[in-house]
file my_file-v7.cif (mmCIF, C-alpha atoms and all ligand atoms)
data_upload
#
loop_
_atom_site.group_PDB
_atom_site.id
_atom_site.type_symbol
_atom_site.label_atom_id
_atom_site.label_comp_id
_atom_site.auth_asym_id
_atom_site.auth_seq_id
_atom_site.Cartn_x
_atom_site.Cartn_y
_atom_site.Cartn_z
ATOM 1 C CA MET T 795 14.009 -26.068 -3.960
ATOM 2 C CA ASP T 796 12.164 -29.088 -2.713
ATOM 3 C CA PHE T 797 14.759 -29.544 -0.020
ATOM 4 C CA PHE T 798 14.286 -25.954 1.036
ATOM 5 C CA PHE T 799 10.513 -26.325 1.273
ATOM 6 C CA ALA T 800 10.961 -29.547 3.206
ATOM 7 C CA ARG T 801 13.109 -27.747 5.776
ATOM 8 C CA PHE T 802 10.713 -24.828 5.879
ATOM 9 C CA HIS T 803 7.834 -27.203 6.344
ATOM 10 C CA LYS T 804 9.599 -29.019 9.148
ATOM 11 C CA PHE T 805 10.297 -25.772 10.916
ATOM 12 C CA PHE T 806 6.818 -24.283 10.713
ATOM 13 C CA PHE T 807 4.476 -27.213 10.456
ATOM 14 C CA GLU T 808 5.955 -30.204 12.214
ATOM 15 C CA ARG T 809 6.663 -31.035 15.804
ATOM 16 C CA ASP T 810 8.026 -34.511 16.607
ATOM 17 C CA GLY T 811 7.156 -35.705 13.127
ATOM 18 C CA LYS T 812 3.549 -34.596 13.545
ATOM 19 C CA CYS T 813 1.888 -31.805 11.719
ATOM 20 C CA VAL T 814 0.882 -28.889 13.924
ATOM 21 C CA ARG T 815 -0.777 -26.617 11.390
ATOM 22 C CA PHE T 816 -3.830 -26.960 9.179
ATOM 23 C CA GLY T 817 -5.471 -29.524 11.424
ATOM 24 C CA ARG T 818 -4.241 -32.808 12.782
ATOM 25 C CA CYS T 819 -2.376 -35.200 10.618
ATOM 26 C CA GLU T 820 0.351 -37.782 10.692
ATOM 27 C CA PHE T 821 2.819 -38.117 7.933
ATOM 28 C CA ASP T 822 2.485 -41.762 7.081
ATOM 29 C CA ASN T 823 0.936 -40.692 3.834
ATOM 30 C CA ARG T 824 3.155 -39.237 1.097
ATOM 31 C CA ARG T 825 0.360 -37.384 -0.583
ATOM 32 C CA GLU T 826 -0.622 -35.646 2.604
ATOM 33 C CA ARG T 827 2.950 -34.628 3.214
ATOM 34 C CA ALA T 828 3.202 -33.247 -0.308
ATOM 35 C CA LEU T 829 0.019 -31.280 0.231
ATOM 36 C CA HIS T 830 1.379 -29.701 3.377
ATOM 37 C CA ARG T 831 4.617 -28.872 1.630
ATOM 38 C CA TYR T 832 2.564 -27.171 -1.023
ATOM 39 C CA ALA T 833 0.722 -25.169 1.626
ATOM 40 C CA SER T 834 3.976 -24.184 3.248
ATOM 41 C CA ALA T 835 5.333 -23.098 -0.123
ATOM 42 C CA ILE T 836 2.393 -20.713 -0.419
ATOM 43 C CA VAL T 837 2.955 -19.335 3.064
ATOM 44 C CA LEU T 838 6.613 -18.867 2.222
ATOM 45 C CA SER T 839 5.937 -17.026 -1.015
ATOM 46 C CA MET T 840 3.527 -14.720 0.758
ATOM 47 C CA ALA T 841 6.183 -13.979 3.361
ATOM 48 C CA LEU T 842 8.634 -13.144 0.576
ATOM 49 C CA ILE T 843 6.200 -11.032 -1.405
ATOM 50 C CA ALA T 844 4.860 -9.017 1.548
ATOM 51 C CA PRO T 845 7.938 -6.790 2.038
ATOM 52 C CA THR T 846 8.016 -5.731 -1.627
ATOM 53 C CA HIS T 847 4.293 -5.301 -2.141
ATOM 54 C CA GLY T 848 2.819 -5.072 1.350
ATOM 55 C CA PHE T 849 4.441 -1.771 2.229
ATOM 56 C CA GLY T 850 3.582 -0.164 -1.047
ATOM 57 C CA GLY T 851 0.170 1.442 -1.073
ATOM 58 C CA ASP T 852 -2.812 -0.098 -2.782
ATOM 59 C CA LYS T 853 -3.374 1.778 -6.041
ATOM 60 C CA GLU T 854 -7.000 0.786 -6.347
ATOM 61 C CA LEU T 855 -7.876 1.982 -2.856
ATOM 62 C CA GLY T 856 -5.855 5.099 -3.593
ATOM 63 C CA GLU T 857 -7.853 5.771 -6.727
ATOM 64 C CA THR T 858 -11.144 5.386 -4.883
ATOM 65 C CA ARG T 859 -9.973 7.750 -2.164
ATOM 66 C CA TYR T 860 -8.649 10.198 -4.740
ATOM 67 C CA ASN T 861 -11.884 10.301 -6.668
ATOM 68 C CA ALA T 862 -13.862 10.807 -3.471
ATOM 69 C CA SER T 863 -11.806 13.654 -1.953
ATOM 70 C CA CYS T 864 -9.223 15.088 -4.303
ATOM 71 C CA LYS T 865 -10.487 14.967 -7.858
ATOM 72 C CA ASN T 866 -12.692 18.036 -7.456
ATOM 73 C CA CYS T 867 -9.631 20.210 -7.114
ATOM 74 C CA HIS T 868 -6.763 18.312 -8.721
ATOM 75 C CA GLY T 869 -8.704 16.995 -11.676
ATOM 76 C CA LYS T 870 -8.967 13.604 -13.300
ATOM 77 C CA ALA T 871 -6.026 11.332 -12.440
ATOM 78 C CA GLY T 872 -4.256 14.171 -10.642
ATOM 79 C CA LYS T 873 -3.542 16.059 -13.852
ATOM 80 C CA GLY T 874 -4.170 19.412 -12.241
ATOM 81 C CA ALA T 875 -6.938 21.925 -12.890
ATOM 82 C CA ALA T 876 -6.799 25.713 -13.062
ATOM 83 C CA SER T 877 -4.873 26.911 -10.011
ATOM 84 C CA TYR T 878 -4.740 23.448 -8.485
ATOM 85 C CA PRO T 879 -1.378 21.776 -9.083
ATOM 86 C CA LYS T 880 -0.797 18.556 -10.984
ATOM 87 C CA VAL T 881 -0.253 15.862 -8.356
ATOM 88 C CA SER T 882 0.323 12.773 -10.501
ATOM 89 C CA GLY T 883 3.611 11.542 -11.943
ATOM 90 C CA ASN T 884 5.637 12.172 -8.783
ATOM 91 C CA PRO T 885 7.609 9.425 -7.020
ATOM 92 C CA VAL T 886 5.806 7.873 -4.046
ATOM 93 C CA PRO T 887 8.130 9.411 -1.393
ATOM 94 C CA TYR T 888 7.558 12.909 -2.776
ATOM 95 C CA THR T 889 3.785 12.616 -2.456
ATOM 96 C CA THR T 890 3.815 10.916 0.945
ATOM 97 C CA GLU T 891 6.132 13.607 2.333
ATOM 98 C CA LYS T 892 3.937 16.393 1.018
ATOM 99 C CA LEU T 893 0.771 14.843 2.383
ATOM 100 C CA ARG T 894 2.306 14.133 5.786
ATOM 101 C CA ALA T 895 3.584 17.703 5.975
ATOM 102 C CA TYR T 896 0.148 19.104 5.141
ATOM 103 C CA ARG T 897 -1.410 16.743 7.668
ATOM 104 C CA GLU T 898 0.875 18.162 10.327
ATOM 105 C CA GLY T 899 -0.195 21.647 9.308
ATOM 106 C CA ILE T 900 3.148 22.612 7.749
ATOM 107 C CA LYS T 901 2.790 25.155 4.954
ATOM 108 C CA GLN T 902 4.286 24.174 1.587
ATOM 109 C CA GLY T 903 3.152 26.783 -0.909
ATOM 110 C CA ALA T 904 1.034 29.921 -1.022
ATOM 111 C CA ASN T 905 -2.262 28.050 -0.818
ATOM 112 C CA SER T 906 -1.483 25.431 1.789
ATOM 113 C CA ALA T 907 -4.479 26.191 3.999
ATOM 114 C CA LEU T 908 -6.802 24.245 1.705
ATOM 115 C CA MET T 909 -4.496 21.253 1.526
ATOM 116 C CA ILE T 910 -3.849 21.236 5.255
ATOM 117 C CA MET T 911 -7.577 20.956 5.753
ATOM 118 C CA MET T 912 -7.827 18.156 3.184
ATOM 119 C CA ALA T 913 -4.874 16.171 4.562
ATOM 120 C CA LYS T 914 -5.891 16.291 8.232
ATOM 121 C CA PRO T 915 -8.190 13.243 8.160
ATOM 122 C CA LEU T 916 -5.833 11.048 6.079
ATOM 123 C CA THR T 917 -4.408 7.940 7.740
ATOM 124 C CA ASP T 918 -0.862 6.707 7.009
ATOM 125 C CA GLU T 919 -2.371 3.920 4.977
ATOM 126 C CA GLU T 920 -4.502 6.276 2.927
ATOM 127 C CA ILE T 921 -1.477 8.449 2.227
ATOM 128 C CA ASP T 922 0.472 5.386 1.008
ATOM 129 C CA ASN T 923 -2.454 4.340 -1.180
ATOM 130 C CA LEU T 924 -2.910 7.807 -2.633
ATOM 131 C CA ALA T 925 0.814 8.145 -3.382
ATOM 132 C CA ALA T 926 0.871 4.718 -5.040
ATOM 133 C CA TYR T 927 -2.075 5.639 -7.210
ATOM 134 C CA LEU T 928 -0.806 9.104 -8.110
ATOM 135 C CA GLU T 929 2.702 7.964 -9.040
ATOM 136 C CA ASP T 930 1.580 6.795 -12.455
ATOM 137 C CA ALA T 931 -2.103 7.699 -12.592
ATOM 138 C CA THR T 932 -3.327 8.273 -16.116
HETATM 139 C C1 LIG O 1001 -10.145 22.277 -2.078
HETATM 140 C C2 LIG O 1001 -9.217 21.949 -3.138
HETATM 141 C C3 LIG O 1001 -8.256 20.775 -2.877
HETATM 142 C C4 LIG O 1001 -8.600 19.496 -2.541
HETATM 143 C C5 LIG O 1001 -9.992 18.928 -2.321
HETATM 144 C C6 LIG O 1001 -7.366 18.774 -2.469
HETATM 145 N N1 LIG O 1001 -6.307 19.590 -2.756
HETATM 146 FE FE1 LIG O 1001 -4.351 19.035 -2.890
HETATM 147 N N2 LIG O 1001 -3.817 20.966 -3.184
HETATM 148 C C7 LIG O 1001 -4.690 22.029 -3.299
HETATM 149 C C8 LIG O 1001 -3.938 23.272 -3.414
HETATM 150 C C9 LIG O 1001 -4.511 24.655 -3.534
HETATM 151 C C10 LIG O 1001 -2.567 22.902 -3.355
HETATM 152 C C11 LIG O 1001 -1.352 23.819 -3.330
HETATM 153 C C12 LIG O 1001 -1.143 24.088 -1.833
HETATM 154 C C13 LIG O 1001 0.062 24.937 -1.503
HETATM 155 O O1 LIG O 1001 0.198 26.036 -2.033
HETATM 156 O O2 LIG O 1001 0.858 24.459 -0.677
HETATM 157 C C14 LIG O 1001 -2.541 21.444 -3.231
HETATM 158 C C15 LIG O 1001 -1.369 20.696 -3.170
HETATM 159 C C16 LIG O 1001 -1.327 19.320 -3.148
HETATM 160 C C17 LIG O 1001 -0.115 18.537 -3.216
HETATM 161 C C18 LIG O 1001 1.309 19.061 -3.324
HETATM 162 C C19 LIG O 1001 1.646 19.306 -4.763
HETATM 163 C C20 LIG O 1001 3.094 19.719 -4.920
HETATM 164 O O3 LIG O 1001 3.781 19.111 -5.759
HETATM 165 O O4 LIG O 1001 3.529 20.629 -4.203
HETATM 166 C C21 LIG O 1001 -0.492 17.229 -3.165
HETATM 167 C C22 LIG O 1001 0.420 16.013 -3.211
HETATM 168 C C23 LIG O 1001 -1.922 17.207 -3.049
HETATM 169 N N3 LIG O 1001 -2.411 18.495 -3.052
HETATM 170 C C24 LIG O 1001 -2.678 16.055 -2.949
HETATM 171 C C25 LIG O 1001 -4.030 16.045 -2.659
HETATM 172 C C26 LIG O 1001 -4.764 14.857 -2.320
HETATM 173 C C27 LIG O 1001 -4.177 13.458 -2.266
HETATM 174 C C28 LIG O 1001 -6.045 15.239 -2.053
HETATM 175 C C29 LIG O 1001 -7.188 14.389 -1.575
HETATM 176 C C30 LIG O 1001 -7.018 13.779 -0.271
HETATM 177 C C31 LIG O 1001 -6.113 16.675 -2.271
HETATM 178 N N4 LIG O 1001 -4.877 17.119 -2.622
HETATM 179 C C32 LIG O 1001 -7.277 17.425 -2.153
HETATM 180 C C33 LIG O 1001 -6.077 21.958 -3.314
HETATM 181 C C34 LIG O 1001 -6.824 20.830 -2.988
#

call {"tool": "encode", "arguments": {"input": "my_file-v7.cif", "output": "C-alpha cells"}}
result
Amino acid sequence: MDFFFARFHKFFFERDGKCVRFGRCEFDNRRERALHRYASAIVLSMALIAPTHGFGGDKELGETRYNASCKNCHGKAGKGAASYPKVSGNPVPYTTEKLRAYREGIKQGANSALMIMMAKPLTDEEIDNLAAYLEDAT
C-alpha cells in the first residue's frame, strides 16, 4: 500500500524530485514527505469514492426538496395520500425515469398533467437527489 501511495504521490505531486502541489517544498525532510503522502492518500480515496457516491443523489438535499414541493400531494416520506400515488420504496432508476418523462411532458397515467407541471422546473441533480431520498424514505 505504501508503495502504491509513493508512486501515486510521485505522479501527482512531484516533478524532478520537487513537490508541485500544496505549496513549495523539497523532500529532504522525511516527515514532510510522509505528510504529502498522507495528503495524496486522501486525494486518492476521494477519487475512488466519487464514482460510487458522487453520481448517486444526495438524500438530504432530496428530502429538503421533497418536503418543499412534493409532500403536499404525496404525503410524508412519499407514502402516498388519497389519490396521490405512493412514490417511496422504488429503485432510483424507476423514479428518475418517471420524473424525467414528466419533465419532458410525457404522460404516464391518467393524472399526469399535475406531475408534468411539478417536474418541469427540476434539474437533473434535483431528480437524482429526490430519487435517492425516495428509494428508502421512511
Ligand atoms: C399537485 C400534486 C402533486 C405534487 C405537488 C407532486 N405530485 Fe407527483 N404525482 C401527482 C399525481 C396526481 C401523480 C400521478 C400522475 C399520473 O397519473 O401520471 C404523480 C406521480 C408521481 C410519480 C410517479 C409515480 C408512479 O409510480 O407512477 C412520481 C415519481 C412523483 N409523482 C414524484 C413527485 C415528486 C418528486 C414531486 C415533487 C417535485 C411531486 N411528485 C409533486 C401529484 C403531485

call {"tool": "residues_around", "arguments": {"input": "my_file-v7.cif", "residues": "range 852-859 of chain T", "least_positions_apart": "4", "cutoff": "10 Å", "atoms": "all atoms listed in the file", "output": "list in words"}}
result
His847, Gly848, Ser863, Cys864, Lys865, Ala871, Gly872, Leu916, Glu919, Glu920, Ile921, Asp922, Asn923, Leu924, Ala925, Ala926, Tyr927, Leu928, Glu929, Asp930 and Ala931 of chain T

call {"tool": "residues_around", "arguments": {"input": "my_file-v7.cif", "residues": "range 894-903 of chain T", "least_positions_apart": "5", "cutoff": "7 Å", "atoms": "only C-alpha atoms", "output": "ChimeraX atom specification"}}
result
/T:909-910,913-914

call {"tool": "write_last_selection", "arguments": {"input": "my_file-v7.cif", "atoms": "C-alpha atoms", "output": "short mmCIF file (atom, residue, chain, number, x, y, z; two decimals), keeping the file's coordinate frame"}}
result
data_model
loop_
_atom_site.label_atom_id
_atom_site.label_comp_id
_atom_site.auth_asym_id
_atom_site.auth_seq_id
_atom_site.Cartn_x
_atom_site.Cartn_y
_atom_site.Cartn_z
CA MET T 909 -4.50 21.25 1.53
CA ILE T 910 -3.85 21.24 5.26
CA ALA T 913 -4.87 16.17 4.56
CA LYS T 914 -5.89 16.29 8.23
#

call {"tool": "atom_distance", "arguments": {"input": "my_file-v7.cif", "atom1": "CA of Gly850 in chain T", "atom2": "CA of Asn905 in chain T"}}
result
28.8 Å

call {"tool": "closest_residue", "arguments": {"input": "my_file-v7.cif", "among": "T:Gly874, T:Pro885, T:Gly851, T:Pro879", "to": "ligand LIG 1001 (chain O)", "atoms": "all atoms listed in the file"}}
result
T:Pro879

call {"tool": "closest_residue", "arguments": {"input": "my_file-v7.cif", "among": "T:Glu891, T:Asp918, T:Cys867, T:Ala875", "to": "ligand LIG 1001 (chain O)", "atoms": "all atoms listed in the file"}}
result
T:Cys867

call {"tool": "atom_distance", "arguments": {"input": "my_file-v7.cif", "atom1": "atom C1 of ligand LIG 1001 (chain O)", "atom2": "CA of Val886 in chain T"}}
result
21.6 Å

call {"tool": "closest_residue", "arguments": {"input": "my_file-v7.cif", "among": "T:Ser906, T:Ser882, T:Asn861, T:Thr890", "to": "ligand LIG 1001 (chain O)", "atoms": "all atoms listed in the file"}}
result
T:Ser906

call {"tool": "atom_distance", "arguments": {"input": "my_file-v7.cif", "atom1": "CA of Ala907 in chain T", "atom2": "CA of Lys880 in chain T"}}
result
17.2 Å

call {"tool": "closest_residue", "arguments": {"input": "my_file-v7.cif", "among": "T:Pro915, T:Thr932, T:Ala904, T:Pro887", "to": "ligand LIG 1001 (chain O)", "atoms": "only C-alpha atoms and all ligand atoms"}}
result
T:Ala904

call {"tool": "closest_residue", "arguments": {"input": "my_file-v7.cif", "among": "T:Met911, T:Lys873, T:Tyr878, T:Gly883", "to": "ligand LIG 1001 (chain O)", "atoms": "all atoms listed in the file"}}
result
T:Tyr878

call {"tool": "closest_residue", "arguments": {"input": "my_file-v7.cif", "among": "T:Ala876, T:Ala828, T:Leu908, T:Ala835", "to": "ligand LIG 1001 (chain O)", "atoms": "all atoms listed in the file"}}
result
T:Leu908

call {"tool": "axis_aligned_box", "arguments": {"input": "my_file-v7.cif", "around": "range 853-869 of chain T", "padding_each_side": "5 Å", "output": "JSON"}}
result
{"center_x": -8.6, "center_y": 10.5, "center_z": -6.8, "size_x": 20.5, "size_y": 29.4, "size_z": 19.7}
